[in-house]
Structures are given as structure tokens and as C-alpha cells.
Amino acid sequence: MVDIVVLGATGYTGRLIAQYLATHPQRSSFTFGLAARSQSALEKVLKGLNLSKDDVPAYIMDVTNSSDVVAVVQQAKVVINTIGPYWRWGTSVVRACVHHGKHYVDLTGEVHWIKDIIFELDYAAVKSGSIVVPCCGLDSVPSDILAFVANKTLKSFGGPSTTIDLSTSAWKLGGASISGGTFSTILTALEDVPKHKLLAIRQNFALSPVEGTHSARPRMLYTLPYSDRPVYGAWYFMAITNSQVVQRSWGLYELARRLNHHNATAVAPFSYGPNFKYEEFVILPSALYAMVYSIVFAAIAALLVCFQPVRYLLLVLVAEEITARWLARRIMPGPGEGPSEKQLQSGSVKITNITTSSPNSQGEKIVVRSIFRGRGDPGYFLSSIMISECALALVLDGAILPQISTGGGILTPMTAFGDVLVERLRRSGHVDIESELLVGTEARKTR
């Protein structure tokens with residue numbers, strides 16, 4: 001029995017997670033194991049990290065074999081699942097965790113699949129005490145954190161009854177890359193996932209237990225309010241996932257508020273308020289650039305969604321050995337591959353969030369600026385840190401996790417971990433998170 005088991009440990013991200021856990025400052029306080037299909041590949045990973053099987057157990061597991069999955073899940077308290085596409089391979093892992101009362105975290109961005117597991121397994125997870133947290137990487141930890149810390153800052157100045165009107169996050173990515181696995185997941189989802197499921201996740205609050213105020217529809221040009229200088233951008237392609245996760249956090253807090261109306265003071269600090277709206281975009285150099293980007297992106301998306309031959313051509317190109325090697329060199333890593341060590345360290349992400357309160361009786365609003373900075377490749381390096389710290393929070397910080405998470409269920413990063421994860425990421429040395437009140441042109445930091 002180990003505290004944590006990493007599924008897909010021989011993949012690129014799985015190896016990064018294993019390396020992070022093996023060198024973690026709290027390494028003496030937890031145990032972990034690695035699981036994958038190939039014994040020889042697992043042995044290679046262990047050797048590369050200077051680990052022995054006595055110290056880090058290795059489990060052979062084929063995710064398509066339910067008996068294998070159950071056997072490995074039973075060996076750990078927390079499962080880190082890196083095997084995608086999750087809509088194809090993840091459900092059996094979540095089922096096993098829920099059935100046996102184990103905790104679970106993953107890196108999915110597949111909203112249609114999350115909706116399915118909420119419908120099938122949320123109640124069962126509550127009954128078994130299993131804490132299941134999808135989207136524990138770049139999608140959607142930063143977005144969820146920014147709405148969470150902005151809400152705390154608003155309330156620290158305006159009082160516990162202060163609520164959010166609009167929260168906007170502007171993403172600036174440096175060195176971010178898309179993996180071959182992610183690209184394949186997108187194409188196969190368009191090809192194999194029923195259209196009605198893909199359409200359903202475009203609706204506001206598709207993952208939320210209650211419906212709230214709808215956010216504005218995607219548009220060609222975004223701006224960041226209350227900025228020192230103009231900030232322009234276009235729709236961010238992961239905004240669907242991130243917004244749905246943030247809206248589920250809102251919904252879980254709102255549901256807790258409604259169910260605990262007799263003890264409102266206990267849940268009021270976490271409630272974002274009934275008028276909460278969230279949106280995000282990717283920063284681009286100018287308004288014209290953003291509009292051209294939006295037109296091109298929309299045209300490509302329409303081709304992929306509407307025309308099967310386009311999807312088929314792309315799938316053939318990815319599958320074709322010669323073309324795949326050409327793409328791997330020029331566009332994306334091949335299976336099990338990723339950025340070089342230099343690229344991992346040189347990447348970055350900076351997300352600036354502006355959150356405004358609902359107006360008071362005098363029509364006045366409180367404005368908060370929150371910033372999430374990450375040092376390292378966002379999609380690989382930082383995601384491996386985020387999901388590892390989520391798992392470690394479940395193992396080492398169970399006594400101080402938010403009350404809403406103690407009952408189990410399909411949760412979000414903030415409803416499951418709250419301030420525990422915020423502080424863990426700060427201590428990692430790779431992430432800075434700050435939040436401040438804007439008063440005119442001045443800022444007063446609170447965190």
C-alpha cells in the first residue's frame with residue numbers, strides 16, 4: 001500500500017510527476033508508486049530517477065482491463081491519472097476509486113466526460129467518501145484559483161456579504177505547447193463523441209448543480225478592464241473547460257449556501273454571489289491582431305466541426321509514420337515525448353484577473369486585481385507540479401481541507417483544496433499568486 005500511485009507513469013507528463021514527487025521536500029512524509037503497461041518502460045523510468053522498486057513500487061496495468069485497474073487502485077490512497085483521452089479510458093479508473101473509497105485527480109480538459117462522471121458517480125462518491133477532482137493541471141487550476149482568491153480579497157475589504165459581478169482572466173502564455181496526445185484527443189472527440197454531448201458543454205453552468213447568471217457569449221475582441229494600459233485579446237480555446245470548472249465551483253458553493261441557510265455565516269465567505277459571471281481570453285499584441293486571430297480560429301474550428309473530410313485528413317496525417325515524424329520535429333512531440341529540459345524551464349504563464357463586485361446601494365463597486373505567475377512550461381512542467389500538489393494535499397493535509405470537500409464527490413480544485421492548494425503552489429517555488437484591491441491608480445495587496 002502506497003499513499004499515491006501515478007497511472008501512465010511512462011508517458012512524458014507521468015515521468016515529470018514521478019520526478020517531482022521523488023524530489024519533493026516532503027518526500028519522507030509520503031510514499032508513491034508508478035503504474036503503466038510496460039514493465040521494461042517502468043524500469044527505465046525508475047532507473048532514470050535513481051529509484052528502486054523497494055522504494056517506489058511498480059505496477060503493471062492495462063487501463064483497458066478492469067481487473068488490472070481495480071487491483072492497482074486498491075494499492076493506493078490517492079490515484080493520479082495521466083492516461084487520456086479520459087472519455088475513453090478514464091471512467092473505469094474513476095469507478096474503481098469511487099467504489100473503493102479512494103481519492104482521484106487527473107489532467108483532463110474534456111468537459112463532456114466530466115459531465116458524464118458527475119451524472120454517474122457524484123452521488124456514489126459522496127456515499128463512499130471518495131474525493132474526485134478532474135482538471136488539476138493548467139486546465140483548470142489557475143482559473144479556479146483566481147476566482148477564489150479574488151472573492152476572498154473582495155470580502156476582506158467589503159465584508160462577507162460582498163458578491164462578485166464579473167471576473168475576467170487574461171492569459172499570457174510563454175513557450176506553451178500542445179502535445180500529440182492532446183491534439184489526438186481533440187480530433188477523436190470531434191469524430192467519436194456524440195454531437196449532442198459536445199453541444200451541451202457549450203451551455204453556461206453545464207457542470208454546475210445549480211444555474212446562475214449567464215456570462216457573455218464568446219466574441220471577436222476582448223479587453224481587460226481597469227488596466228494601466230490597453231490589453232486586447234481573443235477567445236482562449238480552453239475557456240470552455242476553465243469557465244465550466246469555475247462555474248461548478250460557484251455552483252457547489254451556492255448549493256452549500258442554500259442548504260445551510262440556517263448557518264449562513266459558515267458558508268458566506270466562500271459564496272461568489274448570485275450575479276457571478278466569469279470569462280477569460282488570451283492576450284494578443286493589438287486589437288487588429290486579436291480580431292484576425294478570432295476570424296482564423298473560428299474558420300478552422302468550423303472546418304473541424306462541420307466537415308468530416310478535414311478531420312479525417314488530419315487524423316491520417318497524424319497516423320502516417322513519415323508525416324508523424326515530420327510533425328513531431330516541427331509542430332509537436334511524439335507519443336511519450338515533450339519539450340527539452342531547456343524548454344521546460346524557459347516557459348511561463350502570467351494570468352491577470354480583474355474582478356468587480358456587484359454595486360452597493362450607492363452604485364459603488366470594489367475592484368480587485370489578482371495575478372497567477374508560473375515559471376516553467378505551462379502545459380507540462382507546471383501541470384505536473386499542480387496535480388502533484390493536489391495529490392499531496394489529499395495525503396498530507398486532509399485535516400485542514402475545506403469543509404465542503406470532506407463529504408466526497410466530484411469536486412473542483414478550489415472546492416476540494418481551497419487555500420491549502422494556494423499555499424502549496426506558492427511554496428513550490430514555481431508559482432506566485434497575489435491579489436490586491438485597486439483604489440484609483442493605487443493597489444493594496446492582501447496576499
# chains A, B, ... in the order shown; residues from 1 in each chain; ligands from 1
>>> select_by_dssp(residues="segment 241-287 of chain A", states="strand (DSSP E)", output="VMD selection string")
chain A and resid 277 to 284
>>> write_last_selection(atoms="N, CA, C and O atoms", output="PDB file, in the first residue's frame")
ATOM      1  N   LYS A 277     -20.331  36.176 -12.783  1.00  0.00           N
ATOM      2  CA  LYS A 277     -20.059  35.841 -14.186  1.00  0.00           C
ATOM      3  C   LYS A 277     -18.552  35.727 -14.362  1.00  0.00           C
ATOM      4  O   LYS A 277     -17.793  36.475 -13.740  1.00  0.00           O
ATOM      5  N   TYR A 278     -18.125  34.806 -15.228  1.00  0.00           N
ATOM      6  CA  TYR A 278     -16.682  34.595 -15.438  1.00  0.00           C
ATOM      7  C   TYR A 278     -16.403  34.479 -16.927  1.00  0.00           C
ATOM      8  O   TYR A 278     -17.158  33.852 -17.688  1.00  0.00           O
ATOM      9  N   GLU A 279     -15.270  35.057 -17.363  1.00  0.00           N
ATOM     10  CA  GLU A 279     -14.809  34.909 -18.734  1.00  0.00           C
ATOM     11  C   GLU A 279     -13.283  35.016 -18.769  1.00  0.00           C
ATOM     12  O   GLU A 279     -12.662  35.504 -17.821  1.00  0.00           O
ATOM     13  N   GLU A 280     -12.694  34.541 -19.851  1.00  0.00           N
ATOM     14  CA  GLU A 280     -11.241  34.645 -19.989  1.00  0.00           C
ATOM     15  C   GLU A 280     -10.873  34.701 -21.466  1.00  0.00           C
ATOM     16  O   GLU A 280     -11.638  34.299 -22.345  1.00  0.00           O
ATOM     17  N   PHE A 281      -9.659  35.217 -21.713  1.00  0.00           N
ATOM     18  CA  PHE A 281      -9.180  35.338 -23.082  1.00  0.00           C
ATOM     19  C   PHE A 281      -7.660  35.273 -23.095  1.00  0.00           C
ATOM     20  O   PHE A 281      -7.001  35.376 -22.055  1.00  0.00           O
ATOM     21  N   VAL A 282      -7.095  35.095 -24.281  1.00  0.00           N
ATOM     22  CA  VAL A 282      -5.648  35.060 -24.449  1.00  0.00           C
ATOM     23  C   VAL A 282      -5.189  36.422 -24.965  1.00  0.00           C
ATOM     24  O   VAL A 282      -5.790  36.988 -25.878  1.00  0.00           O
ATOM     25  N   ILE A 283      -4.147  36.972 -24.349  1.00  0.00           N
ATOM     26  CA  ILE A 283      -3.657  38.309 -24.699  1.00  0.00           C
ATOM     27  C   ILE A 283      -2.919  38.266 -26.043  1.00  0.00           C
ATOM     28  O   ILE A 283      -2.095  37.381 -26.290  1.00  0.00           O
ATOM     29  N   LEU A 284      -3.201  39.249 -26.887  1.00  0.00           N
ATOM     30  CA  LEU A 284      -2.547  39.379 -28.188  1.00  0.00           C
ATOM     31  C   LEU A 284      -2.027  40.820 -28.346  1.00  0.00           C
ATOM     32  O   LEU A 284      -2.449  41.715 -27.610  1.00  0.00           O
TER      33      LEU A 284
END
>>> select_by_dssp(residues="segment 369-415 of chain A", states="helix (DSSP H, G or I)", output="list in words")
Pro378, Gly379, Tyr380, Phe381, Leu382, Ser383, Ser384, Ile385, Met386, Ile387, Ser388, Glu389, Cys390, Ala391, Leu392, Ala393, Leu394, Val395, Leu396, Gly398, Ala399, Ile400, Gln403, Ile404, Ser405, Pro413, Met414 and Thr415 of chain A
>>> closest_atom_pairs(of="segment 17-127 of chain A", to="segment 188-210 of chain A", cutoff="10 Å", atoms="only C-alpha atoms", output="tab-separated table")
residue	atom	partner	partner_atom	distance
A:Pro85	CA	A:Ala189	CA	8.6
A:Trp87	CA	A:Ala189	CA	8.5
A:Arg88	CA	A:Ala189	CA	9.5
A:Glu110	CA	A:Ala189	CA	8.8
A:Val111	CA	A:Ile201	CA	6.4
A:His112	CA	A:Lys197	CA	6.0
A:Trp113	CA	A:Lys197	CA	8.9
A:Ile114	CA	A:Leu207	CA	7.7
A:Lys115	CA	A:Leu207	CA	5.8
A:Asp116	CA	A:Lys197	CA	9.3
A:Ile118	CA	A:Leu207	CA	7.8
A:Phe119	CA	A:Leu207	CA	9.5
>>> write_last_selection(atoms="N, CA, C and O atoms", output="tab-separated table (two decimals), in the first residue's frame")
chain	number	residue	atom	x	y	z
A	85	PRO	N	-7.19	9.62	-23.99
A	85	PRO	CA	-8.31	10.50	-23.67
A	85	PRO	C	-9.12	9.95	-22.49
A	85	PRO	O	-9.43	8.77	-22.46
A	87	TRP	N	-12.25	10.45	-21.73
A	87	TRP	CA	-13.58	9.97	-22.06
A	87	TRP	C	-13.55	8.53	-22.56
A	87	TRP	O	-14.56	7.82	-22.51
A	88	ARG	N	-12.37	8.10	-22.99
A	88	ARG	CA	-12.24	6.72	-23.48
A	88	ARG	C	-11.69	5.79	-22.40
A	88	ARG	O	-12.14	4.64	-22.27
A	110	GLU	N	-11.69	17.55	-20.71
A	110	GLU	CA	-12.82	17.04	-21.51
A	110	GLU	C	-14.12	17.21	-20.73
A	110	GLU	O	-14.54	16.36	-19.97
A	111	VAL	N	-14.78	18.35	-20.96
A	111	VAL	CA	-15.95	18.72	-20.18
A	111	VAL	C	-17.08	17.71	-20.36
A	111	VAL	O	-17.81	17.39	-19.41
A	112	HIS	N	-17.26	17.21	-21.58
A	112	HIS	CA	-18.34	16.25	-21.82
A	112	HIS	C	-18.17	15.00	-20.97
A	112	HIS	O	-19.16	14.42	-20.49
A	113	TRP	N	-16.92	14.58	-20.77
A	113	TRP	CA	-16.66	13.41	-19.93
A	113	TRP	C	-16.89	13.73	-18.46
A	113	TRP	O	-17.46	12.92	-17.72
A	114	ILE	N	-16.47	14.90	-18.02
A	114	ILE	CA	-16.70	15.29	-16.62
A	114	ILE	C	-18.19	15.31	-16.33
A	114	ILE	O	-18.64	14.85	-15.27
A	115	LYS	N	-18.97	15.84	-17.27
A	115	LYS	CA	-20.43	15.86	-17.11
A	115	LYS	C	-20.97	14.44	-16.94
A	115	LYS	O	-21.85	14.19	-16.09
A	116	ASP	N	-20.44	13.50	-17.71
A	116	ASP	CA	-20.89	12.11	-17.61
A	116	ASP	C	-20.55	11.50	-16.26
A	116	ASP	O	-21.38	10.82	-15.65
A	118	ILE	N	-20.00	13.06	-13.43
A	118	ILE	CA	-20.81	13.69	-12.39
A	118	ILE	C	-22.17	13.00	-12.32
A	118	ILE	O	-22.65	12.65	-11.24
A	119	PHE	N	-22.79	12.81	-13.48
A	119	PHE	CA	-24.12	12.19	-13.53
A	119	PHE	C	-24.08	10.76	-12.98
A	119	PHE	O	-24.96	10.35	-12.21
